[in-house]
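This is query-v8.csv. It holds CSV, C-alpha atoms and all ligand atoms.
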chain,number,residue,atom,x,y,z
C,1,MET,CA,15.9,-28.8,4.4
C,2,ARG,CA,12.3,-28.0,5.3
C,3,LEU,CA,11.4,-24.3,5.0
C,4,LYS,CA,10.1,-22.4,8.1
C,5,PHE,CA,6.9,-20.5,8.0
C,6,VAL,CA,4.9,-18.0,10.0
C,7,ILE,CA,1.3,-17.2,9.6
C,8,ILE,CA,0.3,-13.6,10.5
C,9,GLY,CA,-3.5,-13.4,11.2
C,10,CYS,CA,-5.0,-16.6,12.6
C,11,GLY,CA,-8.5,-16.4,11.3
C,12,LYS,CA,-10.5,-18.5,8.9
C,13,ILE,CA,-8.2,-18.6,5.9
C,14,ALA,CA,-5.2,-19.1,8.1
C,15,GLU,CA,-6.5,-22.7,8.9
C,16,ARG,CA,-6.2,-23.5,5.2
C,17,HIS,CA,-2.7,-22.0,5.0
C,18,ALA,CA,-1.6,-23.9,8.1
C,19,ALA,CA,-2.8,-27.2,6.7
C,20,HIS,CA,-0.9,-26.7,3.4
C,21,ILE,CA,2.2,-25.4,5.1
C,22,SER,CA,2.4,-28.3,7.5
C,23,LYS,CA,2.5,-30.7,4.5
C,24,ARG,CA,5.3,-28.8,2.8
C,25,GLY,CA,7.5,-27.2,5.6
C,26,VAL,CA,7.4,-26.3,9.3
C,27,LEU,CA,4.9,-23.8,10.8
C,28,VAL,CA,7.3,-22.5,13.5
C,29,ALA,CA,5.2,-19.5,14.6
C,30,VAL,CA,1.9,-17.8,14.3
C,31,CYS,CA,0.9,-14.3,15.1
C,32,ASP,CA,-2.5,-12.7,16.0
C,33,VAL,CA,-3.4,-9.7,18.1
C,34,VAL,CA,-6.2,-11.8,19.5
C,35,LYS,CA,-4.4,-14.1,22.0
C,36,GLU,CA,-6.9,-17.0,21.7
C,37,LYS,CA,-6.7,-17.0,18.0
C,38,ALA,CA,-2.9,-17.2,18.0
C,39,ASP,CA,-2.9,-19.8,20.8
C,40,GLY,CA,-5.5,-21.9,19.1
C,41,LEU,CA,-3.6,-22.2,15.8
C,42,ALA,CA,-0.2,-22.5,17.5
C,43,SER,CA,-1.3,-25.4,19.7
C,44,LYS,CA,-2.8,-27.3,16.8
C,45,TYR,CA,0.5,-27.2,14.8
C,46,GLY,CA,3.1,-27.1,17.6
C,47,ALA,CA,4.0,-23.5,16.6
C,48,LYS,CA,5.0,-20.7,18.9
C,49,ALA,CA,2.3,-18.0,19.4
C,50,TYR,CA,3.1,-14.3,19.1
C,51,TYR,CA,0.7,-11.4,19.7
C,52,SER,CA,2.5,-8.7,17.8
C,53,ILE,CA,4.5,-8.7,14.6
C,54,LYS,CA,7.2,-6.6,16.2
C,55,ASP,CA,7.7,-9.2,18.9
C,56,LEU,CA,7.7,-12.0,16.3
C,57,LEU,CA,10.3,-10.3,14.1
C,58,ASP,CA,12.4,-9.3,17.1
C,59,ALA,CA,12.5,-12.9,18.3
C,60,ASP,CA,14.5,-13.8,15.1
C,61,GLU,CA,13.0,-17.3,14.7
C,62,CYS,CA,15.0,-17.8,11.4
C,63,ILE,CA,11.7,-17.9,9.4
C,64,ASP,CA,11.9,-18.2,5.6
C,65,ILE,CA,8.3,-17.3,4.6
C,66,ALA,CA,5.5,-15.3,6.1
C,67,ALA,CA,1.9,-15.9,5.0
C,68,VAL,CA,0.0,-12.7,5.5
C,69,CYS,CA,-3.6,-13.5,6.4
C,70,THR,CA,-4.7,-10.4,8.2
C,71,PRO,CA,-7.6,-8.1,7.1
C,72,ASN,CA,-7.2,-6.5,3.6
C,73,GLY,CA,-6.3,-3.0,4.8
C,74,LEU,CA,-3.3,-4.4,6.9
C,75,HIS,CA,-1.7,-6.4,4.1
C,76,ALA,CA,0.6,-3.7,2.9
C,77,ALA,CA,2.0,-2.8,6.3
C,78,HIS,CA,2.4,-6.4,7.4
C,79,THR,CA,4.0,-7.5,4.1
C,80,ILE,CA,6.5,-4.6,4.2
C,81,GLN,CA,7.5,-5.4,7.8
C,82,CYS,CA,8.1,-9.0,6.9
C,83,LEU,CA,10.0,-8.3,3.7
C,84,ASN,CA,12.2,-5.7,5.5
C,85,ALA,CA,13.0,-8.3,8.1
C,86,GLY,CA,14.3,-10.7,5.4
C,87,LEU,CA,11.3,-13.0,4.9
C,88,HIS,CA,9.7,-14.0,1.7
C,89,VAL,CA,6.0,-13.2,1.7
C,90,LEU,CA,2.8,-14.9,0.4
C,91,CYS,CA,0.1,-12.3,0.9
C,92,GLU,CA,-3.5,-13.1,0.8
C,93,LYS,CA,-5.8,-11.4,-1.7
C,94,PRO,CA,-6.4,-8.5,-2.3
C,95,MET,CA,-2.8,-7.4,-2.3
C,96,ALA,CA,-3.8,-4.1,-0.7
C,97,LEU,CA,-6.5,-1.5,-0.9
C,98,ARG,CA,-4.5,1.1,-2.7
C,99,VAL,CA,-2.2,1.0,-5.7
C,100,GLU,CA,0.2,3.2,-3.9
C,101,ASP,CA,0.4,0.6,-1.1
C,102,CYS,CA,1.0,-2.2,-3.7
C,103,ARG,CA,3.9,-0.1,-5.1
C,104,GLY,CA,5.4,0.2,-1.6
C,105,MET,CA,5.2,-3.6,-1.2
C,106,ILE,CA,6.9,-4.2,-4.5
C,107,ASP,CA,9.6,-1.7,-3.6
C,108,ALA,CA,10.2,-3.5,-0.3
C,109,ALA,CA,10.5,-6.8,-2.1
C,110,LYS,CA,13.0,-5.4,-4.6
C,111,SER,CA,15.1,-3.7,-1.9
C,112,SER,CA,15.1,-6.8,0.3
C,113,GLY,CA,15.7,-9.2,-2.6
C,114,LYS,CA,12.9,-11.4,-1.3
C,115,VAL,CA,10.0,-12.9,-3.1
C,116,LEU,CA,6.5,-11.4,-2.8
C,117,ALA,CA,3.7,-13.6,-4.0
C,118,VAL,CA,-0.1,-12.9,-3.9
C,119,VAL,CA,-2.7,-15.6,-3.5
C,120,LYS,CA,-4.7,-15.9,-6.7
C,121,GLN,CA,-5.7,-19.5,-6.4
C,122,ASN,CA,-8.4,-19.3,-9.0
C,123,ARG,CA,-5.8,-19.2,-11.7
C,124,PHE,CA,-5.4,-22.9,-11.0
C,125,ASN,CA,-9.1,-23.8,-11.5
C,126,PRO,CA,-9.2,-26.3,-14.3
C,127,PRO,CA,-11.7,-24.4,-16.5
C,128,VAL,CA,-9.7,-21.2,-16.0
C,129,VAL,CA,-6.4,-23.0,-17.0
C,130,ALA,CA,-8.1,-24.5,-20.1
C,131,VAL,CA,-9.5,-21.1,-21.3
C,132,LYS,CA,-6.2,-19.4,-20.7
C,133,GLU,CA,-4.4,-22.0,-22.7
C,134,LEU,CA,-6.8,-21.4,-25.6
C,135,LEU,CA,-6.3,-17.7,-25.4
C,136,ASP,CA,-2.5,-18.0,-25.3
C,137,LYS,CA,-2.6,-20.2,-28.4
C,138,ARG,CA,-4.9,-17.6,-30.0
C,139,ALA,CA,-7.4,-20.4,-30.6
C,140,LEU,CA,-10.3,-18.1,-29.8
C,141,GLY,CA,-9.1,-15.4,-32.2
C,142,LYS,CA,-9.7,-11.8,-31.2
C,143,ILE,CA,-11.7,-11.3,-28.0
C,144,TYR,CA,-14.6,-9.0,-28.6
C,145,SER,CA,-16.0,-8.7,-25.1
C,146,ILE,CA,-15.7,-10.3,-21.6
C,147,GLN,CA,-18.5,-10.3,-19.0
C,148,VAL,CA,-18.1,-11.0,-15.3
C,149,ASN,CA,-21.2,-11.8,-13.3
C,150,CYS,CA,-20.9,-12.3,-9.5
C,151,TYR,CA,-24.2,-12.9,-7.7
C,152,TRP,CA,-23.3,-13.9,-4.1
C,153,ASN,CA,-25.0,-13.8,-0.8
C,154,ARG,CA,-23.6,-12.2,2.4
C,155,GLU,CA,-25.8,-11.4,5.3
C,156,ALA,CA,-25.5,-9.7,8.7
C,157,ASP,CA,-24.0,-12.7,10.4
C,158,TYR,CA,-21.1,-12.6,7.9
C,159,TYR,CA,-20.4,-9.0,8.7
C,160,THR,CA,-20.6,-9.4,12.4
C,161,SER,CA,-18.2,-12.4,12.4
C,162,SER,CA,-15.1,-10.2,12.3
C,163,ASN,CA,-14.9,-6.5,13.2
C,164,TRP,CA,-13.0,-5.5,10.0
C,165,ARG,CA,-15.6,-6.8,7.6
C,166,GLY,CA,-17.8,-4.0,6.2
C,167,THR,CA,-15.4,-1.2,7.0
C,168,LYS,CA,-14.0,1.0,4.3
C,169,GLU,CA,-10.5,1.1,5.9
C,170,LEU,CA,-9.9,-2.7,6.5
C,171,ASP,CA,-12.3,-4.4,4.1
C,172,GLY,CA,-12.5,-1.8,1.3
C,173,GLY,CA,-15.5,-3.0,-0.5
C,174,ILE,CA,-17.1,-6.1,-2.1
C,175,LEU,CA,-14.9,-5.9,-5.2
C,176,PHE,CA,-11.8,-6.3,-2.9
C,177,THR,CA,-13.1,-9.0,-0.5
C,178,GLN,CA,-15.6,-11.0,-2.5
C,179,PHE,CA,-14.8,-10.5,-6.2
C,180,SER,CA,-11.2,-9.6,-6.6
C,181,HIS,CA,-10.5,-13.2,-7.9
C,182,PHE,CA,-12.9,-12.6,-10.8
C,183,ILE,CA,-11.3,-9.3,-11.6
C,184,ASP,CA,-7.9,-11.0,-11.6
C,185,ILE,CA,-9.1,-13.7,-14.1
C,186,MET,CA,-10.7,-11.0,-16.3
C,187,TYR,CA,-7.4,-9.1,-16.3
C,188,TRP,CA,-5.5,-12.4,-17.0
C,189,PHE,CA,-7.7,-13.1,-20.0
C,190,ALA,CA,-8.3,-9.7,-21.5
C,191,GLY,CA,-5.4,-7.4,-20.3
C,192,GLU,CA,-5.1,-3.9,-19.0
C,193,VAL,CA,-8.1,-1.8,-18.3
C,194,GLU,CA,-8.2,1.7,-19.7
C,195,THR,CA,-11.4,3.2,-18.4
C,196,THR,CA,-14.5,2.2,-16.4
C,197,ILE,CA,-18.0,3.5,-15.7
C,198,ALA,CA,-19.7,2.3,-12.6
C,199,TYR,CA,-23.0,2.5,-10.7
C,200,LEU,CA,-23.0,1.4,-7.1
C,201,SER,CA,-25.8,1.0,-4.6
C,202,ASN,CA,-26.4,-0.3,-1.1
C,203,TYR,CA,-29.9,-1.8,-1.0
C,204,HIS,CA,-29.8,-4.1,1.9
C,205,HIS,CA,-26.7,-3.8,4.0
C,206,GLN,CA,-27.0,-0.4,5.9
C,207,TYR,CA,-24.5,-1.6,8.5
C,208,ILE,CA,-21.6,-1.7,6.0
C,209,GLN,CA,-19.6,1.3,4.8
C,210,PHE,CA,-19.8,0.6,1.0
C,211,GLU,CA,-21.9,-0.8,-1.8
C,212,ASP,CA,-23.7,-4.2,-1.8
C,213,SER,CA,-24.3,-4.1,-5.6
C,214,GLY,CA,-22.7,-2.6,-8.6
C,215,ASN,CA,-22.6,-2.5,-12.4
C,216,THR,CA,-19.5,-1.6,-14.3
C,217,ILE,CA,-18.7,-1.1,-18.0
C,218,ILE,CA,-15.1,-1.6,-18.9
C,219,LYS,CA,-12.9,-0.5,-21.8
C,220,PHE,CA,-9.7,-2.4,-22.1
C,221,ARG,CA,-6.5,-0.9,-23.6
C,222,ASN,CA,-6.7,-3.4,-26.6
C,223,GLY,CA,-10.2,-2.3,-27.6
C,224,VAL,CA,-12.0,-5.2,-25.8
C,225,THR,CA,-15.1,-4.2,-23.9
C,226,GLY,CA,-16.4,-5.8,-20.8
C,227,SER,CA,-18.7,-5.5,-17.8
C,228,ILE,CA,-18.8,-6.6,-14.2
C,229,ASN,CA,-22.2,-7.1,-12.6
C,230,PHE,CA,-21.8,-7.8,-8.9
C,231,THR,CA,-23.9,-8.1,-5.8
C,232,ILE,CA,-24.0,-9.7,-2.4
C,233,ASN,CA,-27.8,-9.6,-2.4
C,234,SER,CA,-28.5,-12.9,-4.1
C,235,TYR,CA,-31.4,-14.2,-2.1
C,236,GLY,CA,-30.5,-16.9,0.4
C,237,LYS,CA,-27.3,-18.1,-1.3
C,238,ASN,CA,-24.6,-17.6,-3.9
C,239,VAL,CA,-26.1,-18.2,-7.4
C,240,GLU,CA,-23.4,-17.4,-9.8
C,241,GLY,CA,-19.8,-16.4,-10.4
C,242,SER,CA,-19.0,-16.4,-14.0
C,243,VAL,CA,-16.7,-15.1,-16.7
C,244,THR,CA,-18.0,-15.2,-20.3
C,245,ILE,CA,-15.8,-14.5,-23.3
C,246,ILE,CA,-17.3,-13.6,-26.7
C,247,ALA,CA,-14.6,-14.0,-29.3
C,248,GLU,CA,-14.0,-14.3,-33.0
C,249,LYS,CA,-13.6,-18.1,-32.9
C,250,GLY,CA,-15.7,-19.0,-29.9
C,251,CYS,CA,-17.9,-18.3,-27.0
C,252,VAL,CA,-17.1,-19.8,-23.6
C,253,LYS,CA,-18.6,-19.3,-20.2
C,254,ILE,CA,-16.8,-20.4,-17.1
C,255,GLY,CA,-19.2,-20.6,-14.2
C,256,GLY,CA,-20.6,-22.7,-11.4
C,257,PRO,CA,-20.6,-20.8,-8.1
C,258,TYR,CA,-16.8,-20.7,-8.0
C,259,LEU,CA,-15.5,-20.6,-11.6
C,260,ASN,CA,-15.3,-24.4,-11.4
C,261,THR,CA,-17.2,-25.5,-14.4
C,262,ILE,CA,-17.6,-24.7,-18.1
C,263,GLU,CA,-21.3,-23.6,-18.3
C,264,PHE,CA,-21.3,-23.1,-22.1
C,265,GLN,CA,-18.8,-23.5,-24.9
C,266,ASN,CA,-19.0,-23.3,-28.7
C,267,LEU,CA,-15.6,-23.2,-30.1
C,268,ALA,CA,-14.4,-23.2,-33.7
C,269,GLU,CA,-12.5,-26.0,-35.3
C,270,ARG,CA,-14.3,-28.7,-33.2
C,271,GLN,CA,-12.4,-27.8,-30.1
C,272,VAL,CA,-13.9,-28.9,-26.8
C,273,ILE,CA,-12.7,-28.1,-23.3
C,274,GLU,CA,-12.9,-31.3,-21.3
C,275,LEU,CA,-12.7,-31.2,-17.5
C,276,THR,CA,-12.1,-33.9,-14.9
C,277,LYS,CA,-13.7,-33.7,-11.4
C,278,GLU,CA,-10.2,-33.4,-9.8
C,279,GLY,CA,-9.6,-30.3,-7.7
C,280,ILE,CA,-12.8,-28.4,-8.2
C,281,GLN,CA,-14.0,-28.1,-4.6
C,282,ALA,CA,-14.8,-24.6,-3.1
C,283,ASN,CA,-13.5,-23.2,0.1
C,284,ASP,CA,-16.2,-24.0,2.7
C,285,TYR,CA,-16.4,-21.5,5.7
C,286,GLY,CA,-19.4,-23.1,7.3
C,287,THR,CA,-22.2,-20.6,6.9
C,288,TYR,CA,-20.8,-19.4,3.5
C,289,GLN,CA,-18.7,-20.6,0.7
C,290,GLY,CA,-15.9,-18.8,-1.1
C,291,SER,CA,-13.5,-19.3,-3.9
C,292,MET,CA,-12.1,-22.6,-5.1
C,293,SER,CA,-9.8,-24.4,-2.8
C,294,ASN,CA,-6.5,-24.3,-4.6
C,295,HIS,CA,-4.2,-22.9,-2.0
C,296,ASP,CA,-2.1,-26.1,-2.1
C,297,LYS,CA,-1.2,-25.2,-5.7
C,298,VAL,CA,-0.3,-21.7,-4.7
C,299,TYR,CA,2.2,-23.1,-2.1
C,300,ASP,CA,3.6,-25.6,-4.6
C,301,ASN,CA,4.2,-22.8,-7.1
C,302,LEU,CA,5.9,-20.6,-4.5
C,303,LEU,CA,8.2,-23.4,-3.3
C,304,LYS,CA,9.2,-24.1,-6.9
C,305,VAL,CA,9.9,-20.4,-7.5
C,306,LEU,CA,12.1,-20.3,-4.4
C,307,MET,CA,14.1,-23.3,-6.0
C,308,ASP,CA,14.3,-21.4,-9.3
C,309,GLN,CA,12.2,-24.0,-11.0
C,310,ASP,CA,9.2,-21.9,-11.9
C,311,GLN,CA,7.8,-18.4,-12.1
C,312,LEU,CA,5.1,-17.0,-9.9
C,313,SER,CA,1.6,-18.0,-11.0
C,314,ALA,CA,0.6,-14.5,-9.9
C,315,SER,CA,3.3,-11.9,-9.5
C,316,ALA,CA,3.1,-8.9,-7.2
C,317,GLU,CA,2.6,-6.8,-10.3
C,318,ASP,CA,-0.5,-8.9,-11.1
C,319,GLY,CA,-1.7,-8.3,-7.6
C,320,LEU,CA,-1.3,-4.6,-8.2
C,321,LYS,CA,-3.3,-4.8,-11.5
C,322,THR,CA,-6.4,-6.1,-9.7
C,323,VAL,CA,-6.2,-3.3,-7.1
C,324,GLU,CA,-5.7,-0.8,-9.9
C,325,ILE,CA,-8.8,-2.0,-11.7
C,326,ILE,CA,-10.9,-1.8,-8.5
C,327,GLU,CA,-9.5,1.6,-7.7
C,328,LYS,CA,-10.6,2.8,-11.2
C,329,ILE,CA,-14.0,1.3,-10.7
C,330,TYR,CA,-14.5,3.0,-7.3
C,331,GLN,CA,-13.1,6.3,-8.6
C,332,SER,CA,-15.5,6.3,-11.6
C,333,ALA,CA,-18.5,5.2,-9.5
C,334,VAL,CA,-21.7,7.1,-9.4
C,335,TRP,CA,-23.6,6.4,-6.2
C,336,MET,CA,-27.2,5.4,-6.8
C,337,GLY,CA,-27.9,4.0,-3.5
C,338,ARG,CA,-29.3,4.4,-0.1
C,339,SER,CA,-27.5,5.7,3.0
C,340,PHE,CA,-25.0,3.5,4.7
C,341,LYS,CA,-22.9,3.6,7.9
C,342,GLN,CA,-20.1,6.3,7.8
Z,401,LIG,N1,-7.8,-16.5,-1.2
Z,401,LIG,C1,-9.1,-16.5,-0.8
Z,401,LIG,O1,-9.9,-17.1,-1.5
Z,401,LIG,C2,-9.5,-15.9,0.5
Z,401,LIG,C3,-10.5,-16.5,1.2
Z,401,LIG,C4,-10.8,-15.9,2.5
Z,401,LIG,C5,-10.1,-14.8,3.0
Z,401,LIG,N2,-9.1,-14.3,2.2
Z,401,LIG,C6,-8.4,-13.1,2.7
Z,401,LIG,O2,-7.7,-13.5,3.8
Z,401,LIG,C7,-7.6,-12.4,4.8
Z,401,LIG,C8,-8.2,-12.8,6.1
Z,401,LIG,O3,-9.5,-13.3,6.0
Z,401,LIG,P1,-10.2,-14.2,7.1
Z,401,LIG,O4,-11.5,-14.6,6.5
Z,401,LIG,O5,-9.3,-15.2,7.5
Z,401,LIG,O6,-10.5,-13.1,8.2
Z,401,LIG,P2,-10.6,-13.4,9.8
Z,401,LIG,O7,-11.2,-12.2,10.4
Z,401,LIG,O8,-11.2,-14.7,10.1
Z,401,LIG,O9,-9.0,-13.4,10.2
Z,401,LIG,C9,-8.2,-12.3,10.3
Z,401,LIG,C10,-7.3,-12.4,11.5
Z,401,LIG,O10,-6.3,-11.3,11.5
Z,401,LIG,C11,-6.1,-11.0,12.8
Z,401,LIG,N3,-5.5,-9.6,12.9
Z,401,LIG,C12,-6.1,-8.4,12.8
Z,401,LIG,N4,-5.1,-7.5,13.0
Z,401,LIG,C13,-3.9,-8.1,13.2
Z,401,LIG,C14,-2.6,-7.6,13.4
Z,401,LIG,N5,-2.3,-6.3,13.4
Z,401,LIG,N6,-1.6,-8.5,13.6
Z,401,LIG,C15,-1.9,-9.9,13.6
Z,401,LIG,N7,-3.2,-10.4,13.4
Z,401,LIG,C16,-4.2,-9.5,13.2
Z,401,LIG,C17,-7.5,-11.0,13.4
Z,401,LIG,O11,-7.5,-11.0,14.9
Z,401,LIG,C18,-8.1,-12.3,12.8
Z,401,LIG,O12,-7.9,-13.4,13.6
Z,401,LIG,C19,-8.4,-11.3,4.1
Z,401,LIG,O13,-7.5,-10.4,3.5
Z,401,LIG,C20,-9.3,-12.0,3.1
Z,401,LIG,O14,-9.6,-11.2,2.0
Z,401,LIG,C21,-8.8,-14.8,1.0

Would you mind writing the file out in structure tokens?
Amino acid sequence: MRLKFVIIGCGKIAERHAAHISKRGVLVAVCDVVKEKADGLASKYGAKAYYSIKDLLDADECIDIAAVCTPNGLHAAHTIQCLNAGLHVLCEKPMALRVEDCRGMIDAAKSSGKVLAVVKQNRFNPPVVAVKELLDKRALGKIYSIQVNCYWNREADYYTSSNWRGTKELDGGILFTQFSHFIDIMYWFAGEVETTIAYLSNYHHQYIQFEDSGNTIIKFRNGVTGSINFTINSYGKNVEGSVTIIAEKGCVKIGGPYLNTIEFQNLAERQVIELTKEGIQANDYGTYQGSMSNHDKVYDNLLKVLMDQDQLSASAEDGLKTVEIIEKIYQSAVWMGRSFKQ
């Protein structure tokens, strides 16, 4: 039997979800408050268009899975509505903008008995998988430190392309929208974060309600130290998105613009990470590029989980951890910067 899906939020990333869903199940409905967006996606896939989640859920289309692709600040409410209506949910990243909201989502999943998965497609990037395997085998020995560098470019055209981008309430900040994948990988490799110190600035984007650059020092619970240097001011285009591990038995840097290559490796015991070219394309949004294009693997994993053949590649608790780390960073932040829109 082919599973039935709905996509909530018919914007850019929804296109990618729809393409993968249509190869694995049936996209029976889509929902967007902007009629043209819902109609456009619906007509492409022969789905029924809805313009409010309430109408969608009241219609009782016998849907199995909802893909929540709405703006960040709406993920919690939309996910909880769908779970309470008896649908499994695949929620886009970031899981939510507050830890408290993530807890509400996890509670709703527990009380409904439905699966809540969060999109963390970079966990499937070949270099990320290879390094995680080395860490799990303890082949790198003790990690001393981990450094995350994210130097991306986002300009005014990006922020005017949707009315939620750049707002504190719905976007949340560049750690949520641009760099949460990197934080997830850092957490996956190095574990729980204990404390952070952060300096944030807004140099160039006065029309957004948060930072456009930041530098963070991190102390992990296990004694590892780390840093995250992040910006959307890289001139003209993205230059780097990397995770570097300095460990007892090796040093490795995963890089390329989208964590899609090994930039450097020097590992003990003549170990070498070898990558093939397979599956290392980035998501292309036209005027800007985003993270690697592994949403197909996220769907394959979710479907296996629903058949009791696998565990989630990223659980809801993992989703919460990213939000918790970002919350810690923003709570510890010292503002260095210029004025920005309130
Ligand atoms: N996994 C990834 O790498 C990745 C990449 C891009 C975006 N995302 C995430 O996907 C989400 C959407 O991003 P996008 O780039 O597609 O944004 P977008 O602005 O293109 O699309 C969002 C859509 O949600 C709709 N919407 C807003 N409120 C709604 C409501 N109450 N009910 C139904 N629809 C509503 C909007 O009209 C819009 O069409 C964001 O959370 C973003 O962080 C993830």

Original post:
Using all atoms listed in the file, which residues sit within 12 Å of Glu100 in chain C once same-chain residues fewer than 6 positions away are excluded, as number ranges by chain?
Top reply: C: 76-77, 106-107, 320-321, 323-324, 327

Original post:
Of the candidates C:Phe179, C:Arg154, C:Trp164, C:Tyr258, which one gets nearest to Tyr235 in chain C if we count all atoms listed in the file?
Top reply: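 Closest candidate: C:Arg154.
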
Original post:
Counting all atoms listed in the file, what is within 9 Å of Val34 in chain C, bar same-chain residues fewer than 2 positions away, as a list of chain:residue names?
Top reply: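 Result of the neighbour search: C:Gly9, C:Cys10, C:Cys31, C:Asp32, C:Glu36, C:Lys37, C:Ala38, C:Asp39, C:Tyr51.
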
Can you check which parts of chain C lie within 8 Å of ligand LIG 401 (chain Z)? Per residue, the shortest pair of atoms and distance in Å to one decimal, counting all atoms listed in the file, sorted by chain and number, as a tab-separated table.
residue	atom	partner	partner_atom	distance
C:Ile8	CA	Z:LIG401	C15	5.3
C:Gly9	CA	Z:LIG401	O10	3.5
C:Cys10	CA	Z:LIG401	O12	4.4
C:Gly11	CA	Z:LIG401	O9	3.2
C:Lys12	CA	Z:LIG401	O5	3.8
C:Ile13	CA	Z:LIG401	O5	3.9
C:Ala14	CA	Z:LIG401	O5	5.7
C:Cys31	CA	Z:LIG401	C15	5.4
C:Asp32	CA	Z:LIG401	N7	3.5
C:Val33	CA	Z:LIG401	C15	4.7
C:Val34	CA	Z:LIG401	O11	4.8
C:Lys37	CA	Z:LIG401	O12	5.8
C:Ala38	CA	Z:LIG401	O12	7.7
C:Tyr51	CA	Z:LIG401	C15	6.8
C:Ser52	CA	Z:LIG401	N6	5.9
C:Ile53	CA	Z:LIG401	N6	6.2
C:Val68	CA	Z:LIG401	C7	7.6
C:Cys69	CA	Z:LIG401	C7	4.4
C:Thr70	CA	Z:LIG401	O10	3.8
C:Pro71	CA	Z:LIG401	O13	4.3
C:Asn72	CA	Z:LIG401	O13	3.9
C:Gly73	CA	Z:LIG401	O13	7.6
C:Leu74	CA	Z:LIG401	N5	6.8
C:His75	CA	Z:LIG401	O13	7.1
C:His78	CA	Z:LIG401	N5	7.6
C:Glu92	CA	Z:LIG401	O2	5.2
C:Lys93	CA	Z:LIG401	C21	5.3
C:Pro94	CA	Z:LIG401	O14	6.0
C:Val119	CA	Z:LIG401	N1	5.7
C:Lys120	CA	Z:LIG401	N1	6.3
C:Gln121	CA	Z:LIG401	N1	6.4
C:Asn122	CA	Z:LIG401	O1	8.0
C:Ser161	CA	Z:LIG401	O7	7.3
C:Ser162	CA	Z:LIG401	O7	4.8
C:Asn163	CA	Z:LIG401	O7	7.3
C:Trp164	CA	Z:LIG401	O7	6.9
C:Arg165	CA	Z:LIG401	O7	7.5
C:Asp171	CA	Z:LIG401	O14	7.6
C:Phe176	CA	Z:LIG401	O14	7.3
C:Thr177	CA	Z:LIG401	O14	4.8
C:Gln178	CA	Z:LIG401	O14	7.5
C:His181	CA	Z:LIG401	O1	7.5
C:Asn283	CA	Z:LIG401	O1	7.3
C:Gly290	CA	Z:LIG401	O1	6.2
C:Ser291	CA	Z:LIG401	O1	4.9
C:Met292	CA	Z:LIG401	O1	6.9
C:Ser293	CA	Z:LIG401	O1	7.4
C:His295	CA	Z:LIG401	N1	7.4

Subject >> Length of the CA of Tyr144 in chain C to CA of Asp184 in chain C vector [Å] >> reply: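 Interatomic distance, CA of Tyr144 in chain C to CA of Asp184 in chain C: 18.4 Å.
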
**OP:** Find the residues near Ser242 in chain C: any atom within 6 Å, counting all atoms listed in the file, skip ones fewer than 2 places away on the same chain, and give them as number ranges by chain.
**Re:** C: 148-149, 254-255, 259

Selection to disk with C-alpha atoms, as an mmCIF file, keeping the file's coordinate frame:
data_model
loop_
_atom_site.group_PDB
_atom_site.id
_atom_site.type_symbol
_atom_site.label_atom_id
_atom_site.label_comp_id
_atom_site.auth_asym_id
_atom_site.auth_seq_id
_atom_site.Cartn_x
_atom_site.Cartn_y
_atom_site.Cartn_z
ATOM 1 C CA VAL C 148 -18.100 -11.000 -15.300
ATOM 2 C CA ASN C 149 -21.200 -11.800 -13.300
ATOM 3 C CA ILE C 254 -16.800 -20.400 -17.100
ATOM 4 C CA GLY C 255 -19.200 -20.600 -14.200
ATOM 5 C CA LEU C 259 -15.500 -20.600 -11.600
#

Subject >> Spatial neighbours of Asp60 in chain C, 12 Å, all atoms listed in the file, chain gap at least 2 places, as a count of residues only >> reply: 17

Original post:
Quick one: distance from CA of Ser227 in chain C to CA of Ile245 in chain C in Å, one decimal?
Top reply: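 It comes out at 10.9 Å.
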
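Minimum atom-to-atom distance to Pro127 in chain C, evaluated using all atoms listed in the file, belongs to C:Ile185 out of C:Ile185, C:Ala247, C:Val334, C:Ile325.
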
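Counting all atoms listed in the file, the residue from C:Gly113, C:Gly191, C:Gly141, C:Gly40 that sits nearest to Glu15 in chain C is C:Gly40.
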
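Residues surrounding Lys114 in chain C within 9 Å are C:Leu83, C:Asn84, C:Gly86, C:Leu87, C:His88, C:Val89, C:Ala108, C:Ala109, C:Lys110 [all atoms listed in the file; sequence separation below 4 positions excluded].
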
**OP:** Give me, please, the distance in Å between CA of Val115 in chain C and CA of Glu317 in chain C, quoted to one decimal.
**Re:**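 Computing it gives 12.0 Å between the two atoms.
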